[in-house]
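Asks: Questions regarding the structure given below will be posed in turn.
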Amino acid sequence: MTCPVCGPRYYLLDGHGAHDYRDPIAKFASNLHEGRIGVAKSWGGMHLCCTLDQLAHMREWYRRKEKPFAIMVRDLKALERYGRPSAHDVELLTSSHRPIVLVPKVDSEITELVAPGLDTVGVFLPYTSMQHLLFHHLKEDALVMTSANVPGEPMVLRESDALALGADMYLMHDREIVNRCDDSVVRSFQDKTYYIRKSRGHIPSHIDFPLEGVAVGVGAQEGLAGALSFEKRLYATQYIGDATSPGVLEFLEESLMYLRRLLGADRLDAIGMDLHPGHSTRRLAKRWAEESGIEPVEVQHHHAHAAALLVESKLEEMVAITVDGTGYGDDGVAWGGEVLLSNLKEYRRVGHLKEVPLLGGEKAVYDVRRIAFALAEMTGGGLDYFSENERELFRKMMTRSGMSTSFGRVLDGISCYLDICQYRSYDGEPAMKLEKWLNQARDLDLVPTVRHGDVIDTPAMFRHMMDVRGSRADRAGSMTYAMVRGLVDIASEKAEDEGIEHVGLSGGVSYNRAISTWAKELVEARGLKFVCHDLTPNGDGCISTGQCAVALSRTGR
């Protein structure tokens with residue numbers, strides 16, 4: 001208890017909902033020690049918890065075979081067993097925000113089970129009184145702590161929904177959770193903070209916004225956060241999730257309405273939404289636009305990335321390298337490896353990766369052997385992941401499949417070909433597992449950059465990687481470095497031609513530390529200024545910020 005009169009009052013529930021008010025935190029700790037899986041209610045949501053020696057059981061029970069878990073450690077001394085944080089990592093870990101920080105992991109059997117195939121591990125420190133008391137009663141120095149939710153749905157808030165998860169026990173309190181908020185997730189890039197999820201501890205907050213007027217951005221489809229510009233400040237919602245379920249869309253609307261009520265934003269001057277016609281977030285944008293008597297503004301995905309970077313860096317224009325998994329292009333192609341000459345109002349596409357067919361569309365995102373097969377097939381074939389009948393079918397599909405310029409998809413193909421990860425079980429898995437090998441690369445000159453005008457010929461480069469001799473790390477690193485070098489060369493040439501000083505990097509691929517490092521070094525070697533994220537997420541969490549800026553710019557506010 002915090003106060004014997006006011007509470008909050010904690011109690012323990014068993015799997016059938018029976019209450020126990022006697023020493024609930026101590027009993028919860030004892031049960032965790034004995035190998036049980038629990039749910040602990042916090043202030044913005046609930047966590048699924050277990051001790052590290054129950055990780056294998058947890059993965060089986062939660063049906064999460066490969067996706068990394070975050071661990072809460074007792075203190076910085078305990079952290080030394082699991083990770084090697086930098087000085088900036090420690091600053092983030094010990095800040096009042098208490099985010100989950102991705103730090104280089106100590107190689108061990110347990111850390112590999114926590115984060116399979118990765119060279120980082122997500123760690124955080126206790127941030128509530130209950131969590132400190134829990135570690136007081138625990139023998140262990142770390143716990144798995146992950147958001148308690150049905151996969152694809154937001155975190156549970158109510159006791160009845162928690163019980164439906166089927167855990168062994170539940171540590172609850174009698175305060176209502178009025179505003180759901182996941183843990184923030186960050187990683188260091190030199191002296192910058194890359195927000196993977198900007199949420200608990202960082203929301204609500206604002207950044208300066210260059211435009212007058214009230215605007216809403218509803219984001220894209222995955223990794224959602226909404227945004228509201230009001231009185232020349234930009235407020236983002238907490239992390240929302242992937243808009244593949246009605247529950248997530250409801251959460252997005254609730255969070256945006258919470259911001260509007262909090263700030264008194266009764267009217268809307270502009271609403272920005274993604275260009276992709278199939279994104280479910282567009283329904284909210286269209287409904288609110290109709291209610292406000294305005295037209296929603298369609299914003300191309302990568303322009304929104306560039307605009308968000310312009311807003312946070314307080315620049316009027318830049319050449320932006322926008323690299324991610326996918327974003328609907330204005331030509332109907334799935335973009336993702338782009339160079340854009342951009343201001344807040346408009347953009348011009350000045351370079352990109354070569355288009356590659358996505359065999360079977362969305363199936364290629366999960367079975368990334370199809371990406372590697374297509375890259376190889378464009379320059380002579382030679383990959384035999386499939387039966388002869390399947391290969392013949394895929395060859396016929398090469399000219400009929402949707403096309404993609406995605407940097408992320410090529411990373412998937414590299415990861416597949418080098419036998420690092422051939423199937424995606426969670427978002428970004430093949431590329432994330434590739435990062436460890438990029439960090440180990442020493443010879444970056446095995447693969448040349450092949451360029452035809454303003455197009456980087458990734459299939460030809462992939463063929464070089466297939467044919468060259470070298471370690472797995474050097475082949476992966478040189479192929480990826482050659483792609484980065486090609487995009488930076490195009491961006492730098494356009495910046496020099498236009499008299500622009502700044503080249504920016506945005507998109508989910510830029511979370512990769514090796515890729516960010518190479519881009520920064522190559523840009524600065526050209527005598528230009530490198531711009532990266534530090535206030536808004538690199539990934540799709542920044543899309544709503546860019547949508548606000550573009551929408552207001554185009555409506556003349």
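We label chains A, B, ... in the order they appear in the structure tokens, count residues from 1 in each chain, and number ligands from 1 in the order shown.
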Give me the residues of range 157-268 of chain A that have any atom at most 12 Å from an atom of range 516-537 of chain A; for each, the nearest atom pair and the distance in Å, rounded to one decimal. Use only C-alpha atoms, sort by chain and number, and format it as JSON lines.

Replies:
```
{"residue": "A:Ser184", "atom": "CA", "partner": "A:Pro537", "partner_atom": "CA", "distance": 10.8}
{"residue": "A:Val185", "atom": "CA", "partner": "A:Pro537", "partner_atom": "CA", "distance": 10.0}
{"residue": "A:Val186", "atom": "CA", "partner": "A:Pro537", "partner_atom": "CA", "distance": 9.0}
{"residue": "A:Arg187", "atom": "CA", "partner": "A:Asp534", "partner_atom": "CA", "distance": 10.4}
{"residue": "A:Ser188", "atom": "CA", "partner": "A:Asp534", "partner_atom": "CA", "distance": 9.5}
{"residue": "A:Phe189", "atom": "CA", "partner": "A:Ser516", "partner_atom": "CA", "distance": 8.0}
{"residue": "A:Gln190", "atom": "CA", "partner": "A:Thr517", "partner_atom": "CA", "distance": 8.9}
{"residue": "A:Asp191", "atom": "CA", "partner": "A:Asp534", "partner_atom": "CA", "distance": 9.0}
{"residue": "A:Lys192", "atom": "CA", "partner": "A:Asp534", "partner_atom": "CA", "distance": 5.4}
{"residue": "A:Thr193", "atom": "CA", "partner": "A:Asp534", "partner_atom": "CA", "distance": 5.0}
{"residue": "A:Tyr194", "atom": "CA", "partner": "A:Asp534", "partner_atom": "CA", "distance": 5.8}
{"residue": "A:Tyr195", "atom": "CA", "partner": "A:Pro537", "partner_atom": "CA", "distance": 4.5}
{"residue": "A:Ile196", "atom": "CA", "partner": "A:Pro537", "partner_atom": "CA", "distance": 5.8}
{"residue": "A:Arg197", "atom": "CA", "partner": "A:Pro537", "partner_atom": "CA", "distance": 6.9}
{"residue": "A:Lys198", "atom": "CA", "partner": "A:Pro537", "partner_atom": "CA", "distance": 6.8}
{"residue": "A:Ser199", "atom": "CA", "partner": "A:Pro537", "partner_atom": "CA", "distance": 10.5}
{"residue": "A:His202", "atom": "CA", "partner": "A:Leu535", "partner_atom": "CA", "distance": 10.1}
{"residue": "A:Ile203", "atom": "CA", "partner": "A:Thr536", "partner_atom": "CA", "distance": 11.6}
{"residue": "A:Ser205", "atom": "CA", "partner": "A:Leu535", "partner_atom": "CA", "distance": 10.5}
{"residue": "A:His206", "atom": "CA", "partner": "A:Leu535", "partner_atom": "CA", "distance": 9.4}
{"residue": "A:Ile207", "atom": "CA", "partner": "A:Leu535", "partner_atom": "CA", "distance": 7.7}
{"residue": "A:Asp208", "atom": "CA", "partner": "A:Leu535", "partner_atom": "CA", "distance": 10.5}
{"residue": "A:Gly223", "atom": "CA", "partner": "A:Pro537", "partner_atom": "CA", "distance": 9.9}
{"residue": "A:Leu224", "atom": "CA", "partner": "A:Pro537", "partner_atom": "CA", "distance": 10.5}
{"residue": "A:Ala225", "atom": "CA", "partner": "A:Pro537", "partner_atom": "CA", "distance": 9.6}
{"residue": "A:Gly226", "atom": "CA", "partner": "A:Thr536", "partner_atom": "CA", "distance": 11.9}
{"residue": "A:Ala227", "atom": "CA", "partner": "A:Thr536", "partner_atom": "CA", "distance": 10.9}
{"residue": "A:Leu234", "atom": "CA", "partner": "A:Thr536", "partner_atom": "CA", "distance": 10.5}
{"residue": "A:Tyr235", "atom": "CA", "partner": "A:Thr536", "partner_atom": "CA", "distance": 10.5}
{"residue": "A:Ala236", "atom": "CA", "partner": "A:Thr536", "partner_atom": "CA", "distance": 8.9}
{"residue": "A:Thr237", "atom": "CA", "partner": "A:Thr536", "partner_atom": "CA", "distance": 11.4}
{"residue": "A:Gln238", "atom": "CA", "partner": "A:Pro537", "partner_atom": "CA", "distance": 11.4}
{"residue": "A:Tyr239", "atom": "CA", "partner": "A:Pro537", "partner_atom": "CA", "distance": 10.2}
```

Asks: List the spatial neighbours of Glu355 in chain A as a list in words - criterion: any atom at most 6 Å away, only C-alpha atoms, same-chain residues fewer than 2 positions off excluded.

Replies: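 In the requested form, the answer reads Met403, Ser404 and Thr405 of chain A.
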
Asks: Which residues come within 8 Å of range 241-250 of chain A, counting only C-alpha atoms, excluding same-chain residues fewer than 6 positions away, as JSON, numbers by chain?

Replies: {"A": [152, 153, 154, 221, 222, 223, 224, 225, 280, 281]}

Asks: Mind dumping the selected residues with N, CA and C atoms as a short mmCIF file (atom, residue, chain, number, x, y, z; two decimals), in the first residue's frame?

Replies:
```cif
data_model
loop_
_atom_site.label_atom_id
_atom_site.label_comp_id
_atom_site.auth_asym_id
_atom_site.auth_seq_id
_atom_site.Cartn_x
_atom_site.Cartn_y
_atom_site.Cartn_z
N GLY A 152 -1.88 -8.69 -31.25
CA GLY A 152 -2.59 -7.85 -32.20
C GLY A 152 -3.55 -6.86 -31.57
N GLU A 153 -3.84 -7.03 -30.27
CA GLU A 153 -4.76 -6.14 -29.58
C GLU A 153 -3.99 -5.25 -28.61
N PRO A 154 -4.60 -4.13 -28.19
CA PRO A 154 -3.94 -3.28 -27.19
C PRO A 154 -3.82 -4.00 -25.85
N GLN A 221 -0.37 2.50 -40.91
CA GLN A 221 -1.14 1.30 -40.58
C GLN A 221 -0.47 0.49 -39.47
N GLU A 222 0.87 0.49 -39.44
CA GLU A 222 1.60 -0.27 -38.43
C GLU A 222 2.46 0.67 -37.59
N GLY A 223 2.77 0.23 -36.38
CA GLY A 223 3.60 1.07 -35.50
C GLY A 223 2.98 2.42 -35.26
N LEU A 224 1.66 2.44 -35.08
CA LEU A 224 0.90 3.69 -35.08
C LEU A 224 1.15 4.58 -33.86
N ALA A 225 1.14 5.88 -34.11
CA ALA A 225 0.90 6.90 -33.11
C ALA A 225 0.15 8.01 -33.84
N SER A 280 -6.72 1.31 -42.88
CA SER A 280 -7.95 1.49 -42.12
C SER A 280 -7.97 2.79 -41.34
N THR A 281 -6.81 3.39 -41.08
CA THR A 281 -6.78 4.68 -40.37
C THR A 281 -7.43 5.79 -41.20
#
```

Asks: Rank nothing, just name the residue among A:Val144, A:Leu134, A:Ile515, A:Cys416 nearest to Val114 in chain A, using only C-alpha atoms.

Replies: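 The closest residue to Val114 in chain A is A:Val144.
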
Asks: Looking at A:Ile100, A:Leu444, A:Ala162, A:Val90, which one is nearest to His16 in chain A, with distances taken over only C-alpha atoms?

Replies: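 Nearest candidate to His16 in chain A out of A:Ile100, A:Leu444, A:Ala162, A:Val90: A:Ala162.
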
Asks: Neighbours of Pro357 in chain A within 8 Å (only C-alpha atoms; same-chain residues fewer than 5 positions away dropped), as a VMD selection string?

Replies: chain A and resid 371 374 398 to 399 401 to 404

Asks: Please write the residues from the selection above to a file, keeping C-alpha atoms, as a PDB file, in the first residue's frame.

Replies:
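Saved file again_13.pdb follows:
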```pdb
ATOM      1  CA  ILE A 371      12.584 -12.046 -52.004  1.00  0.00           C
ATOM      2  CA  ALA A 374      13.343 -12.774 -57.113  1.00  0.00           C
ATOM      3  CA  MET A 398       7.986 -12.264 -61.950  1.00  0.00           C
ATOM      4  CA  THR A 399       6.343  -9.965 -64.500  1.00  0.00           C
ATOM      5  CA  SER A 401       3.644  -9.416 -59.241  1.00  0.00           C
ATOM      6  CA  GLY A 402       3.521  -6.096 -57.454  1.00  0.00           C
ATOM      7  CA  MET A 403       6.841  -4.279 -57.397  1.00  0.00           C
ATOM      8  CA  SER A 404       8.814  -2.812 -54.509  1.00  0.00           C
TER       9      SER A 404
END
```

Asks: Would you kindly return, as number ranges by chain, each protein, DNA or RNA residue with an atom no farther than 10 Å from any atom of Met432 in chain A, considering only C-alpha atoms and excluding same-chain residues fewer than 5 positions away?

Replies: A: 117-120, 408, 411-412, 415, 421, 427, 437, 509, 511-512

Asks: Write out the residues from the selection above, keeping N, CA and C atoms, as a PDB file, in the first residue's frame.

Replies:
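So again_10.pdb came out as:
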```pdb
ATOM      1  N   GLY A 117      19.066 -14.452 -31.753  1.00  0.00           N
ATOM      2  CA  GLY A 117      19.660 -13.989 -32.999  1.00  0.00           C
ATOM      3  C   GLY A 117      20.026 -12.529 -33.043  1.00  0.00           C
ATOM      4  N   LEU A 118      19.752 -11.784 -31.984  1.00  0.00           N
ATOM      5  CA  LEU A 118      20.054 -10.354 -31.962  1.00  0.00           C
ATOM      6  C   LEU A 118      21.317 -10.093 -31.151  1.00  0.00           C
ATOM      7  N   ASP A 119      21.925  -8.924 -31.368  1.00  0.00           N
ATOM      8  CA  ASP A 119      23.081  -8.580 -30.536  1.00  0.00           C
ATOM      9  C   ASP A 119      22.754  -7.462 -29.552  1.00  0.00           C
ATOM     10  N   THR A 120      21.461  -7.202 -29.382  1.00  0.00           N
ATOM     11  CA  THR A 120      21.006  -6.265 -28.360  1.00  0.00           C
ATOM     12  C   THR A 120      19.952  -6.944 -27.493  1.00  0.00           C
ATOM     13  N   GLY A 408      14.149  -2.399 -46.881  1.00  0.00           N
ATOM     14  CA  GLY A 408      13.889  -3.450 -45.912  1.00  0.00           C
ATOM     15  C   GLY A 408      13.700  -4.807 -46.541  1.00  0.00           C
ATOM     16  N   LEU A 411      17.073  -6.167 -47.473  1.00  0.00           N
ATOM     17  CA  LEU A 411      17.722  -6.689 -46.270  1.00  0.00           C
ATOM     18  C   LEU A 411      17.175  -8.075 -45.928  1.00  0.00           C
ATOM     19  N   ASP A 412      15.872  -8.260 -46.096  1.00  0.00           N
ATOM     20  CA  ASP A 412      15.282  -9.583 -45.874  1.00  0.00           C
ATOM     21  C   ASP A 412      15.916 -10.616 -46.801  1.00  0.00           C
ATOM     22  N   SER A 415      19.415 -11.459 -45.632  1.00  0.00           N
ATOM     23  CA  SER A 415      19.326 -12.296 -44.438  1.00  0.00           C
ATOM     24  C   SER A 415      18.962 -13.728 -44.812  1.00  0.00           C
ATOM     25  N   CYS A 421      18.069 -15.706 -41.503  1.00  0.00           N
ATOM     26  CA  CYS A 421      16.639 -15.838 -41.187  1.00  0.00           C
ATOM     27  C   CYS A 421      15.870 -15.969 -42.496  1.00  0.00           C
ATOM     28  N   ASP A 427       7.507  -8.678 -36.918  1.00  0.00           N
ATOM     29  CA  ASP A 427       7.824  -7.542 -37.780  1.00  0.00           C
ATOM     30  C   ASP A 427       9.309  -7.208 -37.741  1.00  0.00           C
ATOM     31  N   TRP A 437      25.343  -9.173 -37.854  1.00  0.00           N
ATOM     32  CA  TRP A 437      26.392  -9.484 -38.829  1.00  0.00           C
ATOM     33  C   TRP A 437      26.942  -8.212 -39.463  1.00  0.00           C
ATOM     34  N   VAL A 509      14.331   1.278 -41.248  1.00  0.00           N
ATOM     35  CA  VAL A 509      15.658   0.717 -41.493  1.00  0.00           C
ATOM     36  C   VAL A 509      16.741   1.525 -40.776  1.00  0.00           C
ATOM     37  N   TYR A 511      16.868   2.548 -37.858  1.00  0.00           N
ATOM     38  CA  TYR A 511      17.156   2.107 -36.483  1.00  0.00           C
ATOM     39  C   TYR A 511      18.439   1.270 -36.442  1.00  0.00           C
ATOM     40  N   ASN A 512      18.774   0.661 -37.556  1.00  0.00           N
ATOM     41  CA  ASN A 512      19.971  -0.165 -37.646  1.00  0.00           C
ATOM     42  C   ASN A 512      21.197   0.719 -37.441  1.00  0.00           C
TER      43      ASN A 512
END
```

Asks: Write out as a PyMOL selection string the set of residues from range 15-146 of chain A that DSSP, computed on the backbone, places in strand (DSSP E or B).

Replies: chain A and resi 19-20+38-41+46-51+70-73+83+100-105+120-124+142-146

Asks: Please provide as an MDAnalysis selection string all residues within 12 Å of Glu493 in chain A, with the sequence filter that same-chain residues fewer than 2 positions apart are discarded (counting only C-alpha atoms).

Replies: chainID A and resid 319 339 341 350:351 453:454 486:491 495:503 523 526:528

Asks: If you keep N, CA and C atoms, can you produce a file of those selected residues as a CSV table (one decimal), in the first residue's frame?

Replies:
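Contents of the output file selection03.csv:
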```
chain,number,residue,atom,x,y,z
A,319,VAL,N,17.4,17.1,-48.4
A,319,VAL,CA,17.3,15.8,-49.2
A,319,VAL,C,17.2,14.7,-48.2
A,339,VAL,N,15.1,8.5,-52.2
A,339,VAL,CA,15.7,9.8,-52.0
A,339,VAL,C,14.8,10.9,-52.4
A,341,LEU,N,13.8,15.1,-52.4
A,341,LEU,CA,14.1,16.5,-52.2
A,341,LEU,C,12.8,17.1,-51.7
A,350,VAL,N,14.0,11.9,-56.3
A,350,VAL,CA,15.2,12.1,-57.1
A,350,VAL,C,16.0,10.8,-57.2
A,351,GLY,N,15.7,9.8,-56.5
A,351,GLY,CA,16.4,8.5,-56.6
A,351,GLY,C,15.8,7.4,-55.8
A,453,GLY,N,22.0,5.9,-63.5
A,453,GLY,CA,21.4,7.2,-63.3
A,453,GLY,C,21.0,7.4,-61.9
A,454,ASP,N,19.8,7.5,-61.6
A,454,ASP,CA,19.3,7.7,-60.2
A,454,ASP,C,18.7,6.5,-59.6
A,486,GLY,N,25.2,4.1,-52.4
A,486,GLY,CA,24.5,4.6,-53.6
A,486,GLY,C,23.5,5.6,-53.3
A,487,LEU,N,22.7,5.4,-52.2
A,487,LEU,CA,21.6,6.4,-51.9
A,487,LEU,C,22.2,7.7,-51.4
A,488,VAL,N,23.3,7.6,-50.6
A,488,VAL,CA,24.0,8.8,-50.1
A,488,VAL,C,24.6,9.6,-51.3
A,489,ASP,N,25.2,8.9,-52.2
A,489,ASP,CA,25.8,9.6,-53.4
A,489,ASP,C,24.7,10.3,-54.2
A,490,ILE,N,23.5,9.7,-54.4
A,490,ILE,CA,22.4,10.4,-55.1
A,490,ILE,C,22.0,11.6,-54.3
A,491,ALA,N,21.8,11.4,-53.0
A,491,ALA,CA,21.3,12.5,-52.1
A,491,ALA,C,22.3,13.6,-52.1
A,495,ALA,N,21.7,17.5,-53.3
A,495,ALA,CA,21.9,18.5,-52.4
A,495,ALA,C,22.9,19.6,-52.9
A,496,GLU,N,24.0,19.1,-53.5
A,496,GLU,CA,25.0,20.0,-54.0
A,496,GLU,C,24.4,20.8,-55.2
A,497,ASP,N,23.6,20.1,-56.0
A,497,ASP,CA,23.0,20.8,-57.2
A,497,ASP,C,22.0,21.9,-56.8
A,498,GLU,N,21.3,21.6,-55.7
A,498,GLU,CA,20.2,22.5,-55.2
A,498,GLU,C,20.7,23.5,-54.2
A,499,GLY,N,22.0,23.4,-53.8
A,499,GLY,CA,22.5,24.3,-52.8
A,499,GLY,C,21.9,24.1,-51.4
A,500,ILE,N,21.6,22.8,-51.1
A,500,ILE,CA,21.1,22.4,-49.8
A,500,ILE,C,22.2,21.8,-49.0
A,501,GLU,N,22.2,22.2,-47.7
A,501,GLU,CA,23.3,21.7,-46.8
A,501,GLU,C,23.0,20.4,-46.1
A,502,HIS,N,21.7,20.0,-46.0
A,502,HIS,CA,21.4,18.9,-45.1
A,502,HIS,C,20.9,17.7,-45.8
A,503,VAL,N,21.4,16.5,-45.4
A,503,VAL,CA,20.9,15.2,-45.9
A,503,VAL,C,20.4,14.5,-44.7
A,523,VAL,N,27.8,11.0,-45.7
A,523,VAL,CA,27.3,12.3,-45.9
A,523,VAL,C,28.3,13.4,-45.4
A,526,ARG,N,31.2,14.1,-47.6
A,526,ARG,CA,30.9,15.0,-48.8
A,526,ARG,C,30.8,16.4,-48.4
A,527,GLY,N,31.1,16.7,-47.1
A,527,GLY,CA,31.0,18.1,-46.6
A,527,GLY,C,29.6,18.6,-46.3
A,528,LEU,N,28.7,17.7,-46.2
A,528,LEU,CA,27.3,18.1,-45.9
A,528,LEU,C,26.9,17.7,-44.5
```

Asks: Out of A:Val356, A:Ala18, A:Leu12, A:Ala142, which residue has the shortest atom-to-atom distance to Thr51 in chain A when counting only C-alpha atoms?

Replies: A:Ala142

Asks: Measuring atom to atom with only C-alpha atoms, identify which of A:Gln54, A:Asn389, A:Asn179, A:Ser292 is nearest to Arg200 in chain A.

Replies: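 The shortest atom-to-atom distance to Arg200 in chain A comes from A:Asn179.
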
Asks: So, with only C-alpha atoms as the atoms that count, which of A:Ala70, A:Val150, A:Ala482, A:Ala167 lies closest to Gly122 in chain A?

Replies: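 Result for the nearest residue to Gly122 in chain A: A:Ala70.
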
Asks: Could you make a table, as JSON lines, of the residues of range 286-377 of chain A that have an atom within 12 Å of an atom of range 263-267 of chain A, each with its nearest atom pair and distance in Å to one decimal, counting only C-alpha atoms, in chain and number order?

Replies:
```
{"residue": "A:Trp288", "atom": "CA", "partner": "A:Arg267", "partner_atom": "CA", "distance": 10.3}
{"residue": "A:Ala289", "atom": "CA", "partner": "A:Arg267", "partner_atom": "CA", "distance": 10.4}
{"residue": "A:Glu291", "atom": "CA", "partner": "A:Arg267", "partner_atom": "CA", "distance": 9.8}
{"residue": "A:Ser292", "atom": "CA", "partner": "A:Arg267", "partner_atom": "CA", "distance": 7.0}
{"residue": "A:Gly293", "atom": "CA", "partner": "A:Arg267", "partner_atom": "CA", "distance": 10.0}
{"residue": "A:Ile294", "atom": "CA", "partner": "A:Arg267", "partner_atom": "CA", "distance": 10.6}
```

Asks: Filtering to N, CA and C atoms, could you give me those residues as a PDB file, in the first residue's frame?

Replies:
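The resulting file, result-v6.pdb, is reproduced below:
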```pdb
ATOM      1  N   TRP A 288     -13.675  12.305 -39.348  1.00  0.00           N
ATOM      2  CA  TRP A 288     -13.417  13.556 -38.639  1.00  0.00           C
ATOM      3  C   TRP A 288     -13.398  14.751 -39.598  1.00  0.00           C
ATOM      4  N   ALA A 289     -12.872  14.533 -40.809  1.00  0.00           N
ATOM      5  CA  ALA A 289     -12.856  15.615 -41.799  1.00  0.00           C
ATOM      6  C   ALA A 289     -14.278  16.030 -42.168  1.00  0.00           C
ATOM      7  N   GLU A 291     -16.955  15.674 -40.321  1.00  0.00           N
ATOM      8  CA  GLU A 291     -17.537  16.358 -39.164  1.00  0.00           C
ATOM      9  C   GLU A 291     -17.036  17.794 -39.033  1.00  0.00           C
ATOM     10  N   SER A 292     -15.810  18.041 -39.510  1.00  0.00           N
ATOM     11  CA  SER A 292     -15.217  19.383 -39.402  1.00  0.00           C
ATOM     12  C   SER A 292     -15.456  20.221 -40.641  1.00  0.00           C
ATOM     13  N   GLY A 293     -16.065  19.640 -41.669  1.00  0.00           N
ATOM     14  CA  GLY A 293     -16.346  20.387 -42.895  1.00  0.00           C
ATOM     15  C   GLY A 293     -15.106  20.696 -43.707  1.00  0.00           C
ATOM     16  N   ILE A 294     -14.134  19.801 -43.687  1.00  0.00           N
ATOM     17  CA  ILE A 294     -12.896  19.998 -44.442  1.00  0.00           C
ATOM     18  C   ILE A 294     -12.598  18.734 -45.244  1.00  0.00           C
TER      19      ILE A 294
END
```

Asks: DSSP says helix (DSSP H, G or I) for which residues of range 143-278 of chain A? Put them as a list in words?

Replies: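 Reading the DSSP output for range 143-278 of chain A, helix (DSSP H, G or I) covers Glu159, Ser160, Asp161, Ala162, Leu163, Pro246, Gly247, Val248, Leu249, Glu250, Phe251, Leu252, Glu253, Glu254, Ser255, Leu256, Met257, Tyr258, Leu259, Arg260, Arg261, Leu262 and Leu263 of chain A.
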
Asks: Export C-alpha atoms of the chosen residues as a PDB file, in the first residue's frame?

Replies:
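File out.pdb, as written:
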```
ATOM      1  CA  GLU A 159      -9.392  -7.385 -14.425  1.00  0.00           C
ATOM      2  CA  SER A 160     -11.804  -9.556 -16.392  1.00  0.00           C
ATOM      3  CA  ASP A 161      -9.719  -9.177 -19.574  1.00  0.00           C
ATOM      4  CA  ALA A 162      -6.535  -9.985 -17.649  1.00  0.00           C
ATOM      5  CA  LEU A 163      -8.071 -13.192 -16.307  1.00  0.00           C
ATOM      6  CA  PRO A 246     -10.941  -2.697 -34.364  1.00  0.00           C
ATOM      7  CA  GLY A 247      -9.496  -2.452 -30.845  1.00  0.00           C
ATOM      8  CA  VAL A 248      -6.385  -0.648 -32.069  1.00  0.00           C
ATOM      9  CA  LEU A 249      -8.418   1.789 -34.174  1.00  0.00           C
ATOM     10  CA  GLU A 250     -10.630   2.548 -31.188  1.00  0.00           C
ATOM     11  CA  PHE A 251      -7.505   3.137 -29.105  1.00  0.00           C
ATOM     12  CA  LEU A 252      -6.172   5.563 -31.744  1.00  0.00           C
ATOM     13  CA  GLU A 253      -9.401   7.563 -31.731  1.00  0.00           C
ATOM     14  CA  GLU A 254      -9.583   7.574 -27.928  1.00  0.00           C
ATOM     15  CA  SER A 255      -5.989   8.783 -27.645  1.00  0.00           C
ATOM     16  CA  LEU A 256      -6.461  11.581 -30.160  1.00  0.00           C
ATOM     17  CA  MET A 257      -9.691  12.647 -28.464  1.00  0.00           C
ATOM     18  CA  TYR A 258      -7.869  12.657 -25.121  1.00  0.00           C
ATOM     19  CA  LEU A 259      -5.307  15.088 -26.554  1.00  0.00           C
ATOM     20  CA  ARG A 260      -8.029  17.269 -28.071  1.00  0.00           C
ATOM     21  CA  ARG A 261      -9.874  17.475 -24.754  1.00  0.00           C
ATOM     22  CA  LEU A 262      -6.674  18.073 -22.824  1.00  0.00           C
ATOM     23  CA  LEU A 263      -5.683  20.987 -25.058  1.00  0.00           C
TER      24      LEU A 263
END
```

Asks: Let me make sure I understand: among A:Pro104, A:Gly336, A:Gly217, A:Pro4, which one has the smallest atom-to-atom distance to Glu435 in chain A if we use only C-alpha atoms?

Replies: A:Pro104

Asks: Find the residues near Leu446 in chain A: any atom within 8 Å, counting only C-alpha atoms, skip ones fewer than 4 places away on the same chain, and give them as a PyMOL selection string.

Replies: chain A and resi 465+468+470+474-475+478-479
